[in-house]
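Structure first, then comments.
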Amino acid sequence: RFWLFKKIQYIMLSSLFLGIALSSKISGVFILPLNLFFIFFSFPLFRNMLKTIGALFIYFLILYLATRVFDPYLFKNSNPLDLAINPKLKASIESLSYLSNKDAWFPPSVQWINKPAILFSLYNISFFGIGLPSFIFSLTGAYYAIKSRKIILIIAGVWILFFFLYQSTRFIQTMRYFIILYPFMAIFSGFCFWYMTKKSPIILILLL
């Protein structure tokens, strides 16, 4: 909404929600590059650089404060000027990273040893995650977004692709790790539905 309307409250809400997300699960950080893109390119470069810098400052300030409030144990101490991460958290992440490796032979992870990269996750998402009809609609919506040059959807689509390729090539391909994609895929499905019914209203009747 900030990309569309350039109102600062949307940046504030976005950073607040991301701070809450990070406090719940650290993997929420994957949405950050997409958010930063929309902030950085919301204004014409150089001509409004001060606005861009100001928007980024507000975004990161609220993000940091929100994370501090909702997950105080993420940091080493309660000093808001000390950005050091809690060493116990670091140790936990390193431990989990080791156990999420096929060479560790950690019992819950053995099931992933022979799972094919990309294809296994693609199958799970399309048939069990969002369902095959919605999956087809989202892919078609991505095609229509490129065809109609909807830049905001194209950028979201690129982010979806990169995140999927990254996560689906990890050793552990648990389907819940892809849940961050579902809202975006729903947007593409909705765009597909809108585009098709706009071009041919009879499609709306057939789909209903």
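By convention here, the chains of the structure tokens are called A, B, ... in the order presented, each chain's residues are numbered starting at 1, and ligands are numbered starting at 1 in the order presented.
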
Within 12 Å of Leu4 in chain A using only C-alpha atoms, minus same-chain residues under 2 positions, as number ranges by chain: A: 1-2, 6-8, 10-11, 38-39, 41-43, 151-152

Shell of 7 Å around Ile62 in chain A, only C-alpha atoms, local chain residues under 5 positions omitted, as a list in words: Met12, Ser15 and Leu16 of chain A

Selection near Ala84 in chain A, 9 Å with only C-alpha atoms, sequence-local residues under 3 positions removed, as JSON, numbers by chain: {"A": [74, 75, 76, 77, 87]}

Who sits within 12 Å of Gly131 in chain A, only C-alpha atoms, same chain under 4 positions skipped, as a list in words: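 Surrounding residues, per the criterion: Leu122, Tyr123, Asn124, Ile125, Ser126, Phe127, Phe135, Ile136, Phe137, Ser138, Tyr182, Met185, Ala186 and Ser189 of chain A.
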
Using only C-alpha atoms, which residues sit within 6 Å of range 18-28 of chain A once same-chain residues fewer than 3 positions away are excluded, as a compact mmCIF listing (two decimals) with all heavy atoms, in the first residue's frame?
```txt
# COMPACT_ATOMS: atom_id res chain seq x y z
N SER A 15 6.55 -2.47 9.07
CA SER A 15 7.70 -2.78 9.93
C SER A 15 7.24 -3.34 11.28
O SER A 15 7.90 -4.22 11.84
CB SER A 15 8.55 -1.52 10.14
OG SER A 15 7.77 -0.46 10.66
N LEU A 63 10.97 -1.46 13.16
CA LEU A 63 11.25 -2.90 13.12
C LEU A 63 12.09 -3.31 14.33
O LEU A 63 11.80 -4.32 14.99
CB LEU A 63 11.98 -3.24 11.82
CG LEU A 63 12.48 -4.68 11.67
CD1 LEU A 63 11.29 -5.65 11.68
CD2 LEU A 63 13.28 -4.82 10.38
N ALA A 66 10.00 -2.92 17.61
CA ALA A 66 8.97 -3.96 17.69
C ALA A 66 9.59 -5.30 18.08
O ALA A 66 9.05 -6.03 18.91
CB ALA A 66 8.23 -4.07 16.36
N THR A 67 10.74 -5.60 17.48
CA THR A 67 11.41 -6.86 17.79
C THR A 67 11.89 -6.87 19.24
O THR A 67 11.78 -7.88 19.94
CB THR A 67 12.61 -7.08 16.85
OG1 THR A 67 12.18 -6.94 15.50
CG2 THR A 67 13.21 -8.45 17.05
N PHE A 70 8.60 -7.37 21.47
CA PHE A 70 7.90 -8.65 21.37
C PHE A 70 8.81 -9.87 21.57
O PHE A 70 8.31 -10.97 21.81
CB PHE A 70 7.17 -8.75 20.03
CG PHE A 70 6.00 -7.81 19.92
CD1 PHE A 70 6.10 -6.61 19.23
CD2 PHE A 70 4.80 -8.13 20.54
CE1 PHE A 70 5.03 -5.74 19.15
CE2 PHE A 70 3.72 -7.27 20.46
CZ PHE A 70 3.83 -6.06 19.77
N ASP A 71 10.12 -9.69 21.46
CA ASP A 71 11.04 -10.80 21.74
C ASP A 71 12.29 -10.25 22.40
O ASP A 71 13.36 -10.19 21.78
CB ASP A 71 11.39 -11.54 20.45
CG ASP A 71 12.19 -12.81 20.74
OD1 ASP A 71 12.28 -13.20 21.92
OD2 ASP A 71 12.72 -13.41 19.79
```

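Put simply, CA of Thr169 in chain A is 5.0 Å away from CA of Ala117 in chain A.
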
Shortest interatomic distance to Asn86 in chain A - which of A:Gly190, A:Pro183, A:Pro72, A:Pro44, counting only C-alpha atoms: A:Pro72

If you run DSSP on the backbone here, which positions in range 1-203 of chain A get helix (DSSP H, G or I)? Please write them as a tab-separated table (two decimals) with C-alpha atoms, in the first residue's frame.
```
chain	number	residue	atom	x	y	z
A	2	PHE	CA	2.96	2.32	0.55
A	3	TRP	CA	4.07	1.62	-3.02
A	4	LEU	CA	0.65	2.72	-4.25
A	5	PHE	CA	-0.26	5.59	-1.91
A	8	ILE	CA	4.05	6.77	5.92
A	9	GLN	CA	1.60	4.89	8.13
A	10	TYR	CA	1.82	1.91	5.77
A	11	ILE	CA	5.59	1.71	6.29
A	12	MET	CA	5.06	1.90	10.04
A	13	LEU	CA	2.50	-0.91	9.99
A	14	SER	CA	4.65	-3.04	7.68
A	15	SER	CA	7.70	-2.78	9.93
A	16	LEU	CA	5.58	-3.38	13.05
A	17	PHE	CA	4.11	-6.57	11.60
A	18	LEU	CA	7.51	-7.79	10.43
A	19	GLY	CA	8.90	-7.17	13.93
A	20	ILE	CA	6.10	-9.30	15.37
A	21	ALA	CA	6.77	-11.97	12.75
A	22	LEU	CA	10.49	-12.06	13.55
A	23	SER	CA	9.64	-12.35	17.24
A	24	SER	CA	7.56	-15.42	16.43
A	26	ILE	CA	13.27	-15.83	12.72
A	27	SER	CA	12.55	-17.03	9.17
A	28	GLY	CA	10.20	-14.04	8.82
A	29	VAL	CA	13.34	-12.19	7.73
A	30	PHE	CA	12.90	-13.66	4.25
A	31	ILE	CA	10.16	-11.12	3.53
A	32	LEU	CA	12.54	-8.22	4.23
A	33	PRO	CA	14.14	-8.00	0.74
A	34	LEU	CA	10.71	-7.68	-0.88
A	35	ASN	CA	9.65	-4.96	1.57
A	36	LEU	CA	12.88	-3.04	1.06
A	37	PHE	CA	12.47	-3.16	-2.70
A	38	PHE	CA	9.05	-1.54	-2.53
A	39	ILE	CA	10.32	1.13	-0.16
A	40	PHE	CA	13.50	1.89	-2.07
A	49	MET	CA	16.66	10.27	-2.18
A	50	LEU	CA	15.98	12.04	1.12
A	51	LYS	CA	12.43	10.67	1.18
A	52	THR	CA	13.77	7.19	0.52
A	53	ILE	CA	16.35	7.48	3.28
A	54	GLY	CA	13.73	8.82	5.67
A	55	ALA	CA	11.33	6.00	4.85
A	56	LEU	CA	14.04	3.38	5.36
A	57	PHE	CA	15.06	4.96	8.66
A	58	ILE	CA	11.50	4.87	9.98
A	59	TYR	CA	11.08	1.30	8.76
A	60	PHE	CA	14.18	-0.06	10.48
A	61	LEU	CA	13.62	1.96	13.65
A	62	ILE	CA	10.12	0.58	14.18
A	63	LEU	CA	11.25	-2.90	13.12
A	64	TYR	CA	13.98	-2.85	15.74
A	65	LEU	CA	11.74	-1.47	18.50
A	66	ALA	CA	8.97	-3.96	17.69
A	67	THR	CA	11.41	-6.86	17.79
A	68	ARG	CA	12.81	-5.58	21.09
A	69	VAL	CA	9.35	-5.39	22.66
A	70	PHE	CA	7.90	-8.65	21.37
A	72	PRO	CA	13.35	-9.27	24.35
A	73	TYR	CA	15.27	-12.56	24.66
A	74	LEU	CA	16.51	-12.18	21.10
A	87	PRO	CA	24.57	-16.05	22.53
A	88	LYS	CA	22.11	-18.77	23.59
A	89	LEU	CA	20.06	-18.04	20.49
A	90	LYS	CA	23.16	-18.28	18.32
A	91	ALA	CA	24.04	-21.62	19.88
A	92	SER	CA	20.50	-22.93	19.32
A	93	ILE	CA	20.53	-21.90	15.67
A	94	GLU	CA	23.93	-23.52	15.13
A	95	SER	CA	22.70	-26.72	16.80
A	96	LEU	CA	19.57	-26.83	14.67
A	97	SER	CA	21.62	-26.11	11.56
A	98	TYR	CA	23.84	-29.10	12.33
A	99	LEU	CA	20.86	-31.39	12.95
A	102	LYS	CA	21.90	-35.39	6.16
A	103	ASP	CA	25.29	-36.26	7.61
A	104	ALA	CA	24.00	-35.79	11.17
A	107	PRO	CA	16.21	-39.39	13.52
A	108	PRO	CA	13.44	-36.88	12.59
A	109	SER	CA	15.51	-35.73	9.60
A	110	VAL	CA	16.25	-39.17	8.13
A	111	GLN	CA	13.00	-38.98	6.13
A	112	TRP	CA	14.47	-36.21	3.94
A	119	LEU	CA	10.10	-31.46	-7.33
A	120	PHE	CA	9.14	-32.79	-3.91
A	121	SER	CA	8.24	-29.33	-2.60
A	122	LEU	CA	6.47	-28.40	-5.82
A	123	TYR	CA	4.32	-31.52	-5.61
A	124	ASN	CA	3.46	-30.90	-1.96
A	125	ILE	CA	2.51	-27.26	-2.46
A	126	SER	CA	0.42	-27.85	-5.58
A	127	PHE	CA	-1.52	-30.87	-4.31
A	128	PHE	CA	-1.63	-30.45	-0.54
A	129	GLY	CA	-0.57	-26.89	0.25
A	132	LEU	CA	-4.18	-27.96	-7.61
A	133	PRO	CA	-6.93	-25.54	-8.82
A	134	SER	CA	-5.47	-22.64	-6.83
A	135	PHE	CA	-1.96	-23.59	-7.94
A	136	ILE	CA	-2.98	-23.50	-11.60
A	137	PHE	CA	-4.77	-20.19	-11.05
A	138	SER	CA	-1.70	-18.69	-9.38
A	139	LEU	CA	0.60	-19.77	-12.23
A	140	THR	CA	-1.84	-18.41	-14.79
A	141	GLY	CA	-2.10	-15.20	-12.77
A	142	ALA	CA	1.68	-14.87	-12.88
A	143	TYR	CA	1.55	-15.21	-16.67
A	144	TYR	CA	-1.14	-12.54	-16.93
A	145	ALA	CA	0.84	-10.26	-14.60
A	146	ILE	CA	3.84	-10.45	-16.93
A	147	LYS	CA	1.62	-10.00	-19.97
A	151	ILE	CA	5.33	-4.36	-11.99
A	152	ILE	CA	4.19	-4.81	-8.39
A	153	LEU	CA	3.06	-8.37	-9.17
A	154	ILE	CA	6.10	-9.16	-11.28
A	155	ILE	CA	8.44	-8.21	-8.43
A	156	ALA	CA	6.40	-10.30	-5.98
A	157	GLY	CA	6.56	-13.18	-8.46
A	158	VAL	CA	10.34	-12.93	-8.70
A	159	TRP	CA	10.57	-13.00	-4.91
A	160	ILE	CA	8.30	-16.08	-4.80
A	161	LEU	CA	10.50	-17.85	-7.34
A	162	PHE	CA	13.76	-17.11	-5.53
A	163	PHE	CA	12.37	-18.07	-2.14
A	164	PHE	CA	10.91	-21.30	-3.51
A	165	LEU	CA	14.17	-22.27	-5.22
A	166	TYR	CA	16.11	-21.52	-2.05
A	167	GLN	CA	13.83	-23.42	0.31
A	168	SER	CA	13.14	-26.36	-2.00
A	175	MET	CA	5.76	-27.92	3.76
A	176	ARG	CA	5.12	-25.42	6.55
A	177	TYR	CA	8.36	-23.66	5.59
A	178	PHE	CA	6.60	-22.53	2.40
A	179	ILE	CA	3.54	-21.07	4.11
A	180	ILE	CA	4.96	-17.58	3.64
A	181	LEU	CA	4.26	-18.00	-0.10
A	182	TYR	CA	0.57	-18.83	0.20
A	183	PRO	CA	-0.79	-15.25	0.59
A	184	PHE	CA	1.17	-14.15	-2.48
A	185	MET	CA	-0.02	-17.13	-4.50
A	186	ALA	CA	-3.58	-16.27	-3.46
A	187	ILE	CA	-3.03	-12.74	-4.83
A	188	PHE	CA	-1.93	-14.19	-8.17
A	189	SER	CA	-4.95	-16.50	-8.19
A	190	GLY	CA	-7.20	-13.52	-7.57
A	191	PHE	CA	-5.51	-11.53	-10.33
A	192	CYS	CA	-6.01	-14.45	-12.71
A	193	PHE	CA	-9.69	-14.63	-11.80
A	194	TRP	CA	-10.10	-10.85	-12.28
A	195	TYR	CA	-8.19	-10.79	-15.57
A	196	MET	CA	-10.08	-13.72	-17.09
A	197	THR	CA	-13.54	-12.48	-16.09
A	198	LYS	CA	-12.71	-8.96	-17.29
A	199	LYS	CA	-11.74	-10.30	-20.71
A	201	PRO	CA	-17.58	-12.30	-18.44
A	202	ILE	CA	-18.91	-15.71	-19.51
A	203	ILE	CA	-15.89	-17.21	-17.71
```
